[in-house]
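**Student:** Supplied structure: run.csv, CSV, C-alpha atoms.
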```
chain,number,residue,atom,x,y,z
A,23,LEU,CA,-184.0,72.8,-77.6
A,24,PHE,CA,-181.4,73.8,-75.0
A,25,VAL,CA,-182.9,77.3,-74.8
A,26,LEU,CA,-186.4,75.7,-74.3
A,27,ILE,CA,-184.9,73.6,-71.5
A,28,LEU,CA,-183.5,76.7,-69.9
A,29,SER,CA,-186.9,78.5,-70.2
A,30,THR,CA,-188.8,75.6,-68.7
A,31,THR,CA,-186.2,75.3,-65.9
A,32,PHE,CA,-186.4,78.9,-64.9
A,33,ALA,CA,-190.2,78.9,-65.1
A,34,HIS,CA,-190.3,75.9,-62.7
A,35,LEU,CA,-187.6,77.4,-60.5
A,36,ASP,CA,-189.6,80.6,-60.0
A,37,ILE,CA,-192.7,78.6,-59.1
A,38,ALA,CA,-190.9,76.2,-56.8
A,39,ILE,CA,-188.8,78.8,-54.8
A,40,VAL,CA,-191.8,80.9,-53.6
A,41,PRO,CA,-193.1,78.3,-50.9
A,42,TYR,CA,-189.6,78.3,-49.4
A,43,LEU,CA,-189.9,82.1,-48.9
A,44,ALA,CA,-193.5,81.9,-47.5
A,45,SER,CA,-192.8,82.3,-43.8
A,46,SER,CA,-190.4,85.2,-44.5
A,47,ILE,CA,-192.9,86.9,-46.8
A,48,LYS,CA,-195.6,86.5,-44.2
A,49,GLU,CA,-193.5,87.9,-41.5
A,50,GLY,CA,-191.9,90.7,-43.6
A,51,LEU,CA,-195.2,92.0,-44.9
A,52,THR,CA,-197.2,91.1,-41.8
A,53,LEU,CA,-199.7,89.0,-43.8
A,54,SER,CA,-202.6,86.8,-42.6
A,55,ASP,CA,-202.7,83.2,-43.6
A,56,THR,CA,-205.4,84.0,-46.1
A,57,GLN,CA,-203.3,86.7,-47.7
A,58,LEU,CA,-200.4,84.4,-47.9
A,59,SER,CA,-202.5,81.7,-49.6
A,60,LEU,CA,-203.7,84.2,-52.1
A,61,LEU,CA,-200.1,85.1,-52.9
A,62,LEU,CA,-199.0,81.5,-53.2
A,63,GLY,CA,-201.9,80.3,-55.3
A,64,VAL,CA,-204.5,82.6,-56.6
A,65,SER,CA,-202.4,85.6,-57.7
A,66,PHE,CA,-200.2,83.4,-59.9
A,67,GLY,CA,-202.6,80.7,-60.9
A,68,LEU,CA,-205.5,82.9,-61.8
A,69,PHE,CA,-203.6,84.9,-64.3
A,70,TYR,CA,-201.8,81.9,-65.6
A,71,THR,CA,-205.1,80.3,-66.2
A,72,LEU,CA,-206.7,83.4,-67.7
A,73,VAL,CA,-203.8,84.0,-70.1
A,74,GLY,CA,-203.0,80.5,-71.1
A,75,VAL,CA,-205.7,79.8,-73.7
A,76,PRO,CA,-205.8,83.3,-75.3
A,77,ILE,CA,-202.0,83.4,-75.5
A,78,ALA,CA,-202.1,80.0,-77.4
A,79,TRP,CA,-204.2,81.8,-80.1
A,80,PHE,CA,-201.4,84.3,-80.6
A,81,ILE,CA,-198.8,81.6,-80.5
A,82,ASP,CA,-200.6,79.8,-83.4
A,83,ARG,CA,-200.6,83.0,-85.5
A,84,TYR,CA,-197.5,85.0,-84.7
A,85,SER,CA,-193.8,84.5,-84.0
A,86,ARG,CA,-193.4,81.9,-81.3
A,87,LYS,CA,-189.9,83.1,-80.5
A,88,TRP,CA,-190.9,86.7,-79.9
A,89,ILE,CA,-194.0,85.7,-77.8
A,90,LEU,CA,-191.8,83.4,-75.7
A,91,ALA,CA,-189.2,86.3,-75.3
A,92,ILE,CA,-192.0,88.7,-74.2
A,93,GLY,CA,-193.3,86.0,-71.8
A,94,ILE,CA,-189.8,85.5,-70.3
A,95,ALA,CA,-189.3,89.3,-70.0
A,96,THR,CA,-192.7,89.7,-68.4
A,97,TRP,CA,-192.2,87.0,-65.8
A,98,SER,CA,-188.7,88.3,-65.1
A,99,LEU,CA,-190.0,91.8,-64.5
A,100,GLY,CA,-192.7,90.4,-62.3
A,101,THR,CA,-190.2,88.4,-60.3
A,102,ALA,CA,-188.0,91.5,-59.8
A,103,LEU,CA,-191.1,93.5,-58.8
A,104,CYS,CA,-191.8,90.8,-56.2
A,105,GLY,CA,-188.4,91.7,-54.7
A,106,ALA,CA,-189.4,95.4,-54.6
A,107,ALA,CA,-192.9,94.9,-53.2
A,108,GLN,CA,-193.5,96.8,-50.0
A,109,ASN,CA,-197.0,95.5,-49.3
A,110,PHE,CA,-199.6,92.7,-50.1
A,111,GLN,CA,-201.1,94.5,-53.0
A,112,GLN,CA,-197.8,95.1,-54.8
A,113,LEU,CA,-196.7,91.5,-54.2
A,114,PHE,CA,-200.1,90.2,-55.4
A,115,VAL,CA,-199.9,92.3,-58.7
A,116,SER,CA,-196.3,91.2,-59.2
A,117,ARG,CA,-197.2,87.5,-58.8
A,118,PHE,CA,-200.1,88.1,-61.2
A,119,LEU,CA,-197.5,89.4,-63.7
A,120,VAL,CA,-195.3,86.4,-63.2
A,121,GLY,CA,-198.2,84.1,-63.9
A,122,ALA,CA,-199.0,86.0,-67.1
A,123,GLY,CA,-195.5,85.7,-68.3
A,124,GLU,CA,-195.1,82.0,-67.4
A,125,ALA,CA,-198.4,81.2,-69.1
A,126,VAL,CA,-196.6,81.7,-72.4
A,127,ASN,CA,-193.9,79.2,-71.7
A,128,GLY,CA,-195.7,75.9,-72.1
A,129,PRO,CA,-197.7,76.6,-75.3
A,130,ALA,CA,-194.8,78.4,-76.9
A,131,CYS,CA,-192.2,75.8,-76.1
A,132,TYR,CA,-194.3,72.9,-77.3
A,133,SER,CA,-195.2,74.8,-80.5
A,134,ILE,CA,-191.5,75.6,-81.2
A,135,VAL,CA,-190.6,72.0,-80.7
A,136,ALA,CA,-193.2,71.0,-83.2
A,137,ASP,CA,-191.7,73.6,-85.7
A,138,LEU,CA,-188.1,72.4,-85.1
A,139,PHE,CA,-188.4,68.6,-85.2
A,140,PRO,CA,-189.9,66.1,-87.7
A,141,ARG,CA,-193.1,64.5,-86.4
A,142,GLU,CA,-191.4,61.2,-85.5
A,143,LYS,CA,-188.8,63.0,-83.3
A,144,ILE,CA,-191.2,65.3,-81.4
A,145,PRO,CA,-191.8,62.9,-78.5
A,146,ARG,CA,-188.1,62.6,-77.8
A,147,ALA,CA,-187.6,66.4,-78.1
A,148,VAL,CA,-190.5,67.0,-75.7
A,149,ALA,CA,-189.1,64.5,-73.2
A,150,ILE,CA,-185.7,66.2,-73.4
A,151,MET,CA,-187.4,69.7,-73.0
A,152,GLN,CA,-189.2,68.4,-69.9
A,153,ILE,CA,-185.9,67.9,-68.2
A,154,GLY,CA,-186.4,71.6,-67.2
A,155,SER,CA,-189.6,70.6,-65.3
A,156,VAL,CA,-187.4,68.4,-63.1
A,157,LEU,CA,-184.4,70.7,-63.0
A,158,GLY,CA,-186.3,73.8,-62.0
A,159,PRO,CA,-187.7,72.5,-58.7
A,160,ALA,CA,-184.4,70.6,-57.9
A,161,ILE,CA,-182.4,73.8,-58.5
A,162,ALA,CA,-184.9,75.8,-56.5
A,163,LEU,CA,-184.4,73.5,-53.5
A,164,ALA,CA,-180.6,73.8,-53.7
A,165,ILE,CA,-180.5,77.5,-54.5
A,166,SER,CA,-183.1,78.4,-52.0
A,167,ALA,CA,-181.3,76.6,-49.2
A,168,TRP,CA,-178.1,78.6,-50.0
A,169,LEU,CA,-179.9,81.9,-50.7
A,170,LEU,CA,-182.1,81.7,-47.6
A,171,HIS,CA,-179.0,80.9,-45.4
A,172,ARG,CA,-177.1,83.7,-47.0
A,173,PHE,CA,-179.7,86.5,-47.1
A,174,LEU,CA,-182.5,85.9,-44.6
A,175,SER,CA,-180.6,87.0,-41.6
A,176,MET,CA,-179.2,90.1,-43.1
A,177,PRO,CA,-180.6,93.5,-42.0
A,178,PRO,CA,-183.0,95.3,-44.4
A,179,ILE,CA,-181.4,97.5,-47.0
A,180,GLU,CA,-182.8,101.1,-47.3
A,181,VAL,CA,-183.8,102.0,-50.9
A,182,PRO,CA,-185.6,105.1,-52.3
A,183,PHE,CA,-189.0,103.3,-52.3
A,184,GLY,CA,-188.7,101.5,-49.0
A,185,THR,CA,-186.6,98.7,-47.7
A,186,ILE,CA,-185.5,95.4,-49.2
A,187,ALA,CA,-185.3,92.4,-46.9
A,188,GLY,CA,-183.3,89.2,-47.5
A,189,TRP,CA,-186.3,87.3,-48.9
A,190,GLN,CA,-186.8,90.1,-51.4
A,191,LEU,CA,-183.2,89.8,-52.6
A,192,VAL,CA,-183.9,86.1,-53.4
A,193,PHE,CA,-186.6,87.3,-55.8
A,194,ILE,CA,-184.4,89.9,-57.4
A,195,ILE,CA,-181.5,87.4,-57.7
```
What's the structure tokens form of this structure?

**Tutor:**
Amino acid sequence: LFVLILSTTFAHLDIAIVPYLASSIKEGLTLSDTQLSLLLGVSFGLFYTLVGVPIAWFIDRYSRKWILAIGIATWSLGTALCGAAQNFQQLFVSRFLVGAGEAVNGPACYSIVADLFPREKIPRAVAIMQIGSVLGPAIALAISAWLLHRFLSMPPIEVPFGTIAGWQLVFII
């Protein structure tokens, strides 16, 4: 259950931290308001929605733990790629990947809880697991304030594929 709390916490942390970076992303990639709105909502939400139901079919039939592990790896890779993105298209695809990975979290976690606990204890286990839904945004607020203060004013870092600005380091971290 603790691992499921961590998974839920980090999924919500990833969702909650992006709006705090919005102005830096907009400025860093010289985006329009429309492009920014596509990054904040559509890129993540579209794939999350498209993958959610089909992935539940796999979760019903195959190893929930492995599917959850693949989902976590997918959204972690997507988040790191957000930090490496050099333009709108790359960031859009990266957010799309994050949405695909995080779409696994809810169905897999609930299914694992149902496997681990007797029927009469499932509501309490779900309530405990949902602590992650509250911790994620709370941690995002605290961490983002510190990370933004620490990294946003730093000069860009030259890397072989372009430059990494402070807001991108927040994604990578």

**Student:** Do a neighbour search on Leu163 (chain A) at 9 Å with all atoms listed in the file, toss out local chain neighbours closer than 2 positions, and write the hits as JSON, numbers by chain.

**Tutor:** {"A": [35, 38, 39, 42, 158, 159, 160, 161, 165, 166, 167, 168]}

**Student:** Excluding same-chain residues fewer than 6 positions from Phe118 (chain A), what lies within 10 Å of it counting all atoms listed in the file, as a list in words?

**Tutor:** Leu61, Gly63, Val64, Ser65, Phe66, Gly67, Leu68, Phe69, Tyr70, Trp97, Gly100, Thr101 and Gln112 of chain A

**Student:** Can I get the selection written as a PDB file, in the coordinates of the input, with C-alpha atoms?

**Tutor:**
```pdb
ATOM      1  CA  LEU A  61    -200.100  85.100 -52.900  1.00  0.00           C
ATOM      2  CA  GLY A  63    -201.900  80.300 -55.300  1.00  0.00           C
ATOM      3  CA  VAL A  64    -204.500  82.600 -56.600  1.00  0.00           C
ATOM      4  CA  SER A  65    -202.400  85.600 -57.700  1.00  0.00           C
ATOM      5  CA  PHE A  66    -200.200  83.400 -59.900  1.00  0.00           C
ATOM      6  CA  GLY A  67    -202.600  80.700 -60.900  1.00  0.00           C
ATOM      7  CA  LEU A  68    -205.500  82.900 -61.800  1.00  0.00           C
ATOM      8  CA  PHE A  69    -203.600  84.900 -64.300  1.00  0.00           C
ATOM      9  CA  TYR A  70    -201.800  81.900 -65.600  1.00  0.00           C
ATOM     10  CA  TRP A  97    -192.200  87.000 -65.800  1.00  0.00           C
ATOM     11  CA  GLY A 100    -192.700  90.400 -62.300  1.00  0.00           C
ATOM     12  CA  THR A 101    -190.200  88.400 -60.300  1.00  0.00           C
ATOM     13  CA  GLN A 112    -197.800  95.100 -54.800  1.00  0.00           C
TER      14      GLN A 112
END
```

**Student:** Hey, which of A:Ala33, A:Ala125, A:Leu103, A:Ala187 ends up closest to Leu51 (chain A)? Count only C-alpha atoms.

**Tutor:** A:Ala187

**Student:** Let me make sure I understand: among A:Leu90, A:Ala107, A:Ala162, A:Ala136, which one has the smallest atom-to-atom distance to Phe183 (chain A) if we use all atoms listed in the file?

**Tutor:** A:Ala107

**Student:** Would you mind telling me which residue in A:Cys131, A:Leu119, A:Ile92, A:Ile77 lies nearest to Cys104 (chain A) when using all atoms listed in the file?

**Tutor:**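 Of A:Cys131, A:Leu119, A:Ile92, A:Ile77, the one nearest Cys104 (chain A) is A:Leu119, counting all atoms listed in the file.
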
**Student:** What is the distance, in Å and to one decimal place, between CA of Asp36 (chain A) and CA of Ser85 (chain A)?

**Tutor:** 24.7 Å

**Student:** How many Å separate CA of Leu23 (chain A) from CA of Ile194 (chain A)?

**Tutor:**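 Atom-to-atom, CA of Leu23 (chain A) to CA of Ile194 (chain A), that is 26.5 Å.
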
**Student:** If you count all atoms listed in the file, which residues fall within 12 Å of Ser29 (chain A), apart from same-chain ones fewer than 2 positions away, as a ChimeraX atom specification?

**Tutor:** /A:23-27,31-36,87,90-91,93-95,97-98,123-128,130-132,151-155,157-158

**Student:** In Å, with one decimal, what is the gap from CA of Ser116 (chain A) to CA of Leu58 (chain A)?

**Tutor:** 13.8 Å

**Student:** For Gly188 (chain A), which residue among A:Leu53, A:Val75, A:Leu43, A:Ile37 is the nearest when counting all atoms listed in the file?

**Tutor:**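 Nearest to Gly188 (chain A): A:Leu43.
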
**Student:** Using only C-alpha atoms for the distances, tell me which of A:Tyr84, A:Gln190, A:Leu113, A:Thr30 is nearest to Leu62 (chain A).

**Tutor:**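 Closest candidate: A:Leu113.
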
**Student:** So, counting only C-alpha atoms, which residue among A:Lys48, A:Gly74, A:Leu170, A:Ala122 is closest to Phe193 (chain A)?

**Tutor:**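 Using only C-alpha atoms, Phe193 (chain A) sits closest to A:Leu170.
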